[in-house]
Amino acid sequence: MKRSLSLACVVAAALGVVAPAHAFEPNRPVEFVVTAGPGGGTDIFARTIQAIIAKYELMKAPVVVTNKGSAGGAEGFVYTAGYKGDAYKLAFGTNNAYLLPIRAKVPYKSEDLIPVSALAADEFVLWVNGNSEFNSAADFVAKAKDADMKVGGSQSKDVDQILTSMINDASGAKLGYIPFKSGGEAAVQLAGDHIAANVNNPSENLGQWQAGMVKPLCVFKAEKLKSDTKVAGDKGWSDIPTCKESGIAIENYSMPRTVWLPAGVEPDVVQFYSDVLKKVSETPEWAKYLADTSQSPAYMSGEQLTTFIKSDETSVSEVLKREGWLAN
């Protein structure tokens, strides 16, 4: 009714999520380019943001989501980078945006994209079969120093295999790695006791943990996960010890969920979208998304995000160099 604001507007005002005034304001459809296939984590990430923007009217222009996920996400980044200076193309991905050019020959450079924001962090957990003899990360890596043990993960030379290499380097283990098409497939293989472990995100092994088919040994995070919700019997995410305190000297390893613009856009364009995404991250719908996907809140933009990216590039490049995986 005209005599009253919409419910979404009332809630938005109460939360302080009214879009700020900017020199730039999109006046035609904005394309969210998902660098993954439909239904995956990156797709859900982008579409959740699209829905929150629409609900709270954070932009006047509509948002259209397209999926360009071939070549490990390179298709979407190449597509976005090709629209240099275009303020209406935003790529949604992870750290693959800046790591792909380091580890693979792709037709774009990280400098062809401008980071806008990171909104969440996918954590990594070391999982073993539910009937495994191992009850701690220390026991696991001690055995892996002598036995032929395989870790399964999503794709090769990507975040799962990089972390496996880091475990070997930090602990002296000699874990082998088997790439699968997805983290979900690796979870199935572990539940069937076909591999010794995987390093999946919490959500990818959630169902198997609830069913007692797998169990977590540690989380690669400086501090324990915050959620006290019970997941498997009387155990919840906050009951998982950190890997550093339980035998693997890796303090933190996570995968940011990131948003990018093509190089050449004006600073006020970057600021506009960064501010909109900050408002998204402050809504109850975003908090629910993080809880549902077992991700951690990790909003970053500007200099903080740039510093994080440089640090992550450096640490990962060291692993790629050690393993002989550098593209050039």
# chains A, B, ... in the order shown; residues from 1 in each chain; ligands from 1
>>> residues_around(residues="segment 156-158 of chain A", least_positions_apart="2", cutoff="9 Å", atoms="only C-alpha atoms", output="PDB file with N, CA and C atoms, in the first residue's frame")
ATOM      1  N   ASN A  96      40.558 -18.653  -6.236  1.00  0.00           N
ATOM      2  CA  ASN A  96      40.935 -19.075  -7.586  1.00  0.00           C
ATOM      3  C   ASN A  96      41.117 -17.885  -8.521  1.00  0.00           C
ATOM      4  N   LEU A  99      44.779 -17.169  -7.879  1.00  0.00           N
ATOM      5  CA  LEU A  99      45.682 -18.325  -7.867  1.00  0.00           C
ATOM      6  C   LEU A  99      45.728 -19.047  -9.213  1.00  0.00           C
ATOM      7  N   LEU A 100      44.649 -19.002  -9.978  1.00  0.00           N
ATOM      8  CA  LEU A 100      44.644 -19.675 -11.278  1.00  0.00           C
ATOM      9  C   LEU A 100      45.789 -19.206 -12.182  1.00  0.00           C
ATOM     10  N   ARG A 103      49.083 -20.991 -11.112  1.00  0.00           N
ATOM     11  CA  ARG A 103      49.269 -22.437 -11.226  1.00  0.00           C
ATOM     12  C   ARG A 103      48.817 -23.015 -12.568  1.00  0.00           C
ATOM     13  N   GLY A 153      40.540 -35.187  -2.655  1.00  0.00           N
ATOM     14  CA  GLY A 153      40.088 -33.803  -2.686  1.00  0.00           C
ATOM     15  C   GLY A 153      39.531 -33.413  -4.025  1.00  0.00           C
ATOM     16  N   SER A 154      39.102 -32.175  -4.121  1.00  0.00           N
ATOM     17  CA  SER A 154      38.514 -31.652  -5.346  1.00  0.00           C
ATOM     18  C   SER A 154      39.598 -31.132  -6.282  1.00  0.00           C
ATOM     19  N   ASP A 160      42.643 -28.138  -2.148  1.00  0.00           N
ATOM     20  CA  ASP A 160      42.746 -29.371  -1.366  1.00  0.00           C
ATOM     21  C   ASP A 160      44.135 -29.998  -1.486  1.00  0.00           C
ATOM     22  N   GLN A 161      44.664 -30.039  -2.698  1.00  0.00           N
ATOM     23  CA  GLN A 161      45.990 -30.631  -2.874  1.00  0.00           C
ATOM     24  C   GLN A 161      47.074 -29.716  -2.304  1.00  0.00           C
ATOM     25  N   ILE A 162      46.879 -28.412  -2.412  1.00  0.00           N
ATOM     26  CA  ILE A 162      47.826 -27.468  -1.810  1.00  0.00           C
ATOM     27  C   ILE A 162      47.894 -27.690  -0.304  1.00  0.00           C
ATOM     28  N   LEU A 163      46.730 -27.850   0.333  1.00  0.00           N
ATOM     29  CA  LEU A 163      46.711 -28.085   1.775  1.00  0.00           C
ATOM     30  C   LEU A 163      47.362 -29.424   2.122  1.00  0.00           C
ATOM     31  N   TYR A 177      47.946 -37.952  -2.837  1.00  0.00           N
ATOM     32  CA  TYR A 177      46.717 -37.189  -3.118  1.00  0.00           C
ATOM     33  C   TYR A 177      45.997 -37.775  -4.328  1.00  0.00           C
ATOM     34  N   ILE A 178      44.679 -37.926  -4.197  1.00  0.00           N
ATOM     35  CA  ILE A 178      43.846 -38.410  -5.302  1.00  0.00           C
ATOM     36  C   ILE A 178      42.810 -37.343  -5.620  1.00  0.00           C
ATOM     37  N   PRO A 179      42.830 -36.777  -6.839  1.00  0.00           N
ATOM     38  CA  PRO A 179      41.848 -35.746  -7.194  1.00  0.00           C
ATOM     39  C   PRO A 179      40.518 -36.357  -7.634  1.00  0.00           C
ATOM     40  N   PHE A 180      39.437 -35.738  -7.175  1.00  0.00           N
ATOM     41  CA  PHE A 180      38.093 -36.109  -7.620  1.00  0.00           C
ATOM     42  C   PHE A 180      37.433 -34.888  -8.258  1.00  0.00           C
ATOM     43  N   LEU A 320      53.506 -24.139  -4.494  1.00  0.00           N
ATOM     44  CA  LEU A 320      53.524 -24.472  -5.918  1.00  0.00           C
ATOM     45  C   LEU A 320      54.957 -24.619  -6.431  1.00  0.00           C
ATOM     46  N   TRP A 325      54.631 -26.923  -9.443  1.00  0.00           N
ATOM     47  CA  TRP A 325      53.329 -26.692 -10.074  1.00  0.00           C
ATOM     48  C   TRP A 325      53.174 -25.289 -10.659  1.00  0.00           C
TER      49      TRP A 325
END
>>> residues_around(residues="segment 192-209 of chain A", least_positions_apart="3", cutoff="7 Å", atoms="only C-alpha atoms", output="PDB file with N, CA, C and O atoms, in the first residue's frame")
ATOM      1  N   ASP A 122      35.504 -20.200   3.697  1.00  0.00           N
ATOM      2  CA  ASP A 122      35.299 -21.644   3.791  1.00  0.00           C
ATOM      3  C   ASP A 122      36.460 -22.227   4.582  1.00  0.00           C
ATOM      4  O   ASP A 122      37.615 -22.119   4.174  1.00  0.00           O
ATOM      5  N   GLU A 123      36.153 -22.843   5.710  1.00  0.00           N
ATOM      6  CA  GLU A 123      37.191 -23.450   6.526  1.00  0.00           C
ATOM      7  C   GLU A 123      37.501 -24.854   6.010  1.00  0.00           C
ATOM      8  O   GLU A 123      36.718 -25.444   5.263  1.00  0.00           O
ATOM      9  N   PHE A 124      38.640 -25.393   6.432  1.00  0.00           N
ATOM     10  CA  PHE A 124      39.040 -26.735   6.035  1.00  0.00           C
ATOM     11  C   PHE A 124      39.228 -27.605   7.266  1.00  0.00           C
ATOM     12  O   PHE A 124      39.847 -27.183   8.241  1.00  0.00           O
ATOM     13  N   VAL A 125      38.681 -28.796   7.196  1.00  0.00           N
ATOM     14  CA  VAL A 125      38.729 -29.752   8.298  1.00  0.00           C
ATOM     15  C   VAL A 125      39.390 -31.033   7.798  1.00  0.00           C
ATOM     16  O   VAL A 125      39.139 -31.466   6.666  1.00  0.00           O
ATOM     17  N   LEU A 126      40.235 -31.627   8.617  1.00  0.00           N
ATOM     18  CA  LEU A 126      40.811 -32.938   8.300  1.00  0.00           C
ATOM     19  C   LEU A 126      39.844 -34.007   8.782  1.00  0.00           C
ATOM     20  O   LEU A 126      39.556 -34.113   9.974  1.00  0.00           O
ATOM     21  N   TRP A 127      39.307 -34.777   7.822  1.00  0.00           N
ATOM     22  CA  TRP A 127      38.313 -35.810   8.112  1.00  0.00           C
ATOM     23  C   TRP A 127      38.894 -37.194   7.872  1.00  0.00           C
ATOM     24  O   TRP A 127      39.670 -37.385   6.929  1.00  0.00           O
ATOM     25  N   VAL A 128      38.473 -38.163   8.671  1.00  0.00           N
ATOM     26  CA  VAL A 128      38.791 -39.566   8.436  1.00  0.00           C
ATOM     27  C   VAL A 128      37.498 -40.369   8.487  1.00  0.00           C
ATOM     28  O   VAL A 128      36.446 -39.863   8.882  1.00  0.00           O
ATOM     29  N   ASN A 129      37.578 -41.612   8.076  1.00  0.00           N
ATOM     30  CA  ASN A 129      36.411 -42.484   8.108  1.00  0.00           C
ATOM     31  C   ASN A 129      35.898 -42.634   9.542  1.00  0.00           C
ATOM     32  O   ASN A 129      36.668 -42.614  10.506  1.00  0.00           O
ATOM     33  N   MET A 149      49.292 -43.734   2.614  1.00  0.00           N
ATOM     34  CA  MET A 149      47.963 -43.203   2.893  1.00  0.00           C
ATOM     35  C   MET A 149      47.603 -42.123   1.878  1.00  0.00           C
ATOM     36  O   MET A 149      48.444 -41.298   1.511  1.00  0.00           O
ATOM     37  N   LYS A 150      46.351 -42.146   1.437  1.00  0.00           N
ATOM     38  CA  LYS A 150      45.902 -41.233   0.398  1.00  0.00           C
ATOM     39  C   LYS A 150      44.842 -40.270   0.935  1.00  0.00           C
ATOM     40  O   LYS A 150      43.912 -40.671   1.624  1.00  0.00           O
ATOM     41  N   VAL A 151      45.010 -38.999   0.572  1.00  0.00           N
ATOM     42  CA  VAL A 151      44.012 -37.968   0.847  1.00  0.00           C
ATOM     43  C   VAL A 151      43.277 -37.667  -0.447  1.00  0.00           C
ATOM     44  O   VAL A 151      43.903 -37.516  -1.501  1.00  0.00           O
ATOM     45  N   GLY A 152      41.967 -37.584  -0.378  1.00  0.00           N
ATOM     46  CA  GLY A 152      41.175 -37.243  -1.557  1.00  0.00           C
ATOM     47  C   GLY A 152      40.719 -35.800  -1.488  1.00  0.00           C
ATOM     48  O   GLY A 152      40.552 -35.232  -0.406  1.00  0.00           O
ATOM     49  N   GLY A 153      40.540 -35.187  -2.655  1.00  0.00           N
ATOM     50  CA  GLY A 153      40.088 -33.803  -2.686  1.00  0.00           C
ATOM     51  C   GLY A 153      39.531 -33.413  -4.025  1.00  0.00           C
ATOM     52  O   GLY A 153      39.473 -34.218  -4.956  1.00  0.00           O
ATOM     53  N   ASP A 160      42.643 -28.138  -2.148  1.00  0.00           N
ATOM     54  CA  ASP A 160      42.746 -29.371  -1.366  1.00  0.00           C
ATOM     55  C   ASP A 160      44.135 -29.998  -1.486  1.00  0.00           C
ATOM     56  O   ASP A 160      44.721 -30.444  -0.495  1.00  0.00           O
ATOM     57  N   GLY A 183      34.385 -31.853  -4.030  1.00  0.00           N
ATOM     58  CA  GLY A 183      34.521 -32.208  -2.630  1.00  0.00           C
ATOM     59  C   GLY A 183      33.478 -33.202  -2.194  1.00  0.00           C
ATOM     60  O   GLY A 183      33.724 -34.054  -1.333  1.00  0.00           O
ATOM     61  N   GLY A 184      32.295 -33.109  -2.800  1.00  0.00           N
ATOM     62  CA  GLY A 184      31.232 -34.057  -2.488  1.00  0.00           C
ATOM     63  C   GLY A 184      31.610 -35.477  -2.857  1.00  0.00           C
ATOM     64  O   GLY A 184      31.329 -36.425  -2.117  1.00  0.00           O
ATOM     65  N   ALA A 186      34.686 -36.614  -3.061  1.00  0.00           N
ATOM     66  CA  ALA A 186      35.720 -37.027  -2.111  1.00  0.00           C
ATOM     67  C   ALA A 186      35.100 -37.470  -0.793  1.00  0.00           C
ATOM     68  O   ALA A 186      35.567 -38.425  -0.164  1.00  0.00           O
ATOM     69  N   ALA A 187      34.029 -36.798  -0.376  1.00  0.00           N
ATOM     70  CA  ALA A 187      33.336 -37.175   0.861  1.00  0.00           C
ATOM     71  C   ALA A 187      32.737 -38.572   0.746  1.00  0.00           C
ATOM     72  O   ALA A 187      32.790 -39.366   1.689  1.00  0.00           O
ATOM     73  N   VAL A 188      32.168 -38.878  -0.416  1.00  0.00           N
ATOM     74  CA  VAL A 188      31.591 -40.209  -0.641  1.00  0.00           C
ATOM     75  C   VAL A 188      32.681 -41.275  -0.603  1.00  0.00           C
ATOM     76  O   VAL A 188      32.500 -42.358  -0.020  1.00  0.00           O
ATOM     77  N   GLN A 189      33.816 -40.977  -1.206  1.00  0.00           N
ATOM     78  CA  GLN A 189      34.928 -41.929  -1.216  1.00  0.00           C
ATOM     79  C   GLN A 189      35.454 -42.188   0.196  1.00  0.00           C
ATOM     80  O   GLN A 189      35.802 -43.316   0.548  1.00  0.00           O
ATOM     81  N   GLY A 212      27.564 -40.752  11.048  1.00  0.00           N
ATOM     82  CA  GLY A 212      28.631 -41.528  11.671  1.00  0.00           C
ATOM     83  C   GLY A 212      29.581 -42.165  10.688  1.00  0.00           C
ATOM     84  O   GLY A 212      30.395 -43.016  11.063  1.00  0.00           O
ATOM     85  N   MET A 213      29.521 -41.748   9.413  1.00  0.00           N
ATOM     86  CA  MET A 213      30.364 -42.367   8.385  1.00  0.00           C
ATOM     87  C   MET A 213      31.756 -41.746   8.323  1.00  0.00           C
ATOM     88  O   MET A 213      32.696 -42.360   7.819  1.00  0.00           O
ATOM     89  N   VAL A 214      31.894 -40.511   8.800  1.00  0.00           N
ATOM     90  CA  VAL A 214      33.196 -39.849   8.879  1.00  0.00           C
ATOM     91  C   VAL A 214      33.285 -39.141  10.219  1.00  0.00           C
ATOM     92  O   VAL A 214      32.267 -38.960  10.907  1.00  0.00           O
ATOM     93  N   LYS A 215      34.493 -38.716  10.589  1.00  0.00           N
ATOM     94  CA  LYS A 215      34.661 -37.936  11.822  1.00  0.00           C
ATOM     95  C   LYS A 215      35.771 -36.915  11.619  1.00  0.00           C
ATOM     96  O   LYS A 215      36.740 -37.164  10.888  1.00  0.00           O
ATOM     97  N   ALA A 232      26.586 -34.020  15.385  1.00  0.00           N
ATOM     98  CA  ALA A 232      26.616 -35.485  15.382  1.00  0.00           C
ATOM     99  C   ALA A 232      26.585 -35.961  16.836  1.00  0.00           C
ATOM    100  O   ALA A 232      27.605 -35.909  17.529  1.00  0.00           O
ATOM    101  N   THR A 293      25.779 -22.961   5.664  1.00  0.00           N
ATOM    102  CA  THR A 293      26.891 -23.485   4.858  1.00  0.00           C
ATOM    103  C   THR A 293      28.147 -23.735   5.691  1.00  0.00           C
ATOM    104  O   THR A 293      29.186 -24.104   5.138  1.00  0.00           O
ATOM    105  N   SER A 294      28.050 -23.515   7.001  1.00  0.00           N
ATOM    106  CA  SER A 294      29.182 -23.730   7.921  1.00  0.00           C
ATOM    107  C   SER A 294      30.411 -22.925   7.520  1.00  0.00           C
ATOM    108  O   SER A 294      31.542 -23.397   7.587  1.00  0.00           O
TER     109      SER A 294
END
>>> closest_residue(among="A:Asp139, A:Val319, A:Ser165, A:Val276", to="Ser246 of chain A", atoms="only C-alpha atoms")
A:Asp139
>>> select_by_dssp(residues="segment 139-216 of chain A", states="alpha helix (DSSP H)", output="ChimeraX atom specification")
/A:139-144,159-171,183-191,206-210
>>> residues_around(residues="Leu90 of chain A", least_positions_apart="2", cutoff="12 Å", atoms="only C-alpha atoms", output="ChimeraX atom specification")
/A:29-35,46,50,63-67,76-88,92-93,113-117,258-263,265,269-270,273-274,277
>>> write_last_selection(atoms="C-alpha atoms", output="tab-separated table (two decimals), in the first residue's frame")
chain	number	residue	atom	x	y	z
A	29	PRO	CA	21.08	-4.55	-15.24
A	30	VAL	CA	24.21	-5.72	-13.43
A	31	GLU	CA	25.61	-9.13	-14.34
A	32	PHE	CA	26.83	-11.41	-11.56
A	33	VAL	CA	29.23	-13.82	-13.29
A	34	VAL	CA	29.45	-17.07	-11.32
A	35	THR	CA	32.77	-18.80	-11.99
A	46	ALA	CA	26.16	-15.21	-5.67
A	50	GLN	CA	21.37	-11.30	-5.35
A	63	VAL	CA	20.84	-8.22	-11.04
A	64	VAL	CA	21.19	-11.04	-13.57
A	65	VAL	CA	23.19	-14.15	-12.62
A	66	THR	CA	25.04	-16.15	-15.29
A	67	ASN	CA	27.18	-19.25	-14.84
A	76	GLY	CA	34.17	-16.60	-15.87
A	77	PHE	CA	37.27	-14.61	-14.96
A	78	VAL	CA	38.39	-14.35	-18.59
A	79	TYR	CA	34.90	-13.21	-19.56
A	80	THR	CA	34.79	-10.55	-16.83
A	81	ALA	CA	38.34	-9.35	-17.45
A	82	GLY	CA	37.46	-8.92	-21.13
A	83	TYR	CA	35.05	-6.11	-20.23
A	84	LYS	CA	37.76	-3.70	-19.10
A	85	GLY	CA	36.28	-0.63	-17.45
A	86	ASP	CA	32.76	-2.07	-17.41
A	87	ALA	CA	30.99	-1.24	-14.15
A	88	TYR	CA	28.22	-3.77	-14.81
A	92	PHE	CA	32.05	-14.25	-8.07
A	93	GLY	CA	34.68	-16.77	-7.05
A	113	LEU	CA	40.62	-7.89	-12.18
A	114	ILE	CA	40.02	-5.56	-9.23
A	115	PRO	CA	39.05	-7.11	-5.88
A	116	VAL	CA	35.85	-5.64	-4.47
A	117	SER	CA	35.11	-7.64	-1.33
A	258	THR	CA	35.34	-13.13	-3.31
A	259	VAL	CA	33.82	-10.59	-5.71
A	260	TRP	CA	35.72	-8.87	-8.54
A	261	LEU	CA	35.30	-6.11	-11.13
A	262	PRO	CA	37.19	-5.76	-14.42
A	263	ALA	CA	40.33	-3.64	-14.31
A	265	VAL	CA	36.72	0.80	-13.53
A	269	VAL	CA	32.44	2.02	-8.79
A	270	VAL	CA	34.52	-0.26	-6.57
A	273	TYR	CA	29.73	-2.30	-4.78
A	274	SER	CA	31.95	-2.72	-1.73
A	277	LEU	CA	28.23	-5.97	-0.16
>>> closest_residue(among="A:Ser171, A:Ser296, A:Thr314, A:Thr283", to="Ala249 of chain A", atoms="only C-alpha atoms")
A:Ser171
>>> select_by_dssp(residues="segment 83-113 of chain A", states="strand (DSSP E or B)", output="list in words")
Lys89, Leu90, Ala91, Phe92, Gly93 and Leu113 of chain A
>>> closest_residue(among="A:Ala291, A:Ala118, A:Ala51, A:Ala144", to="Leu225 of chain A", atoms="only C-alpha atoms")
A:Ala291
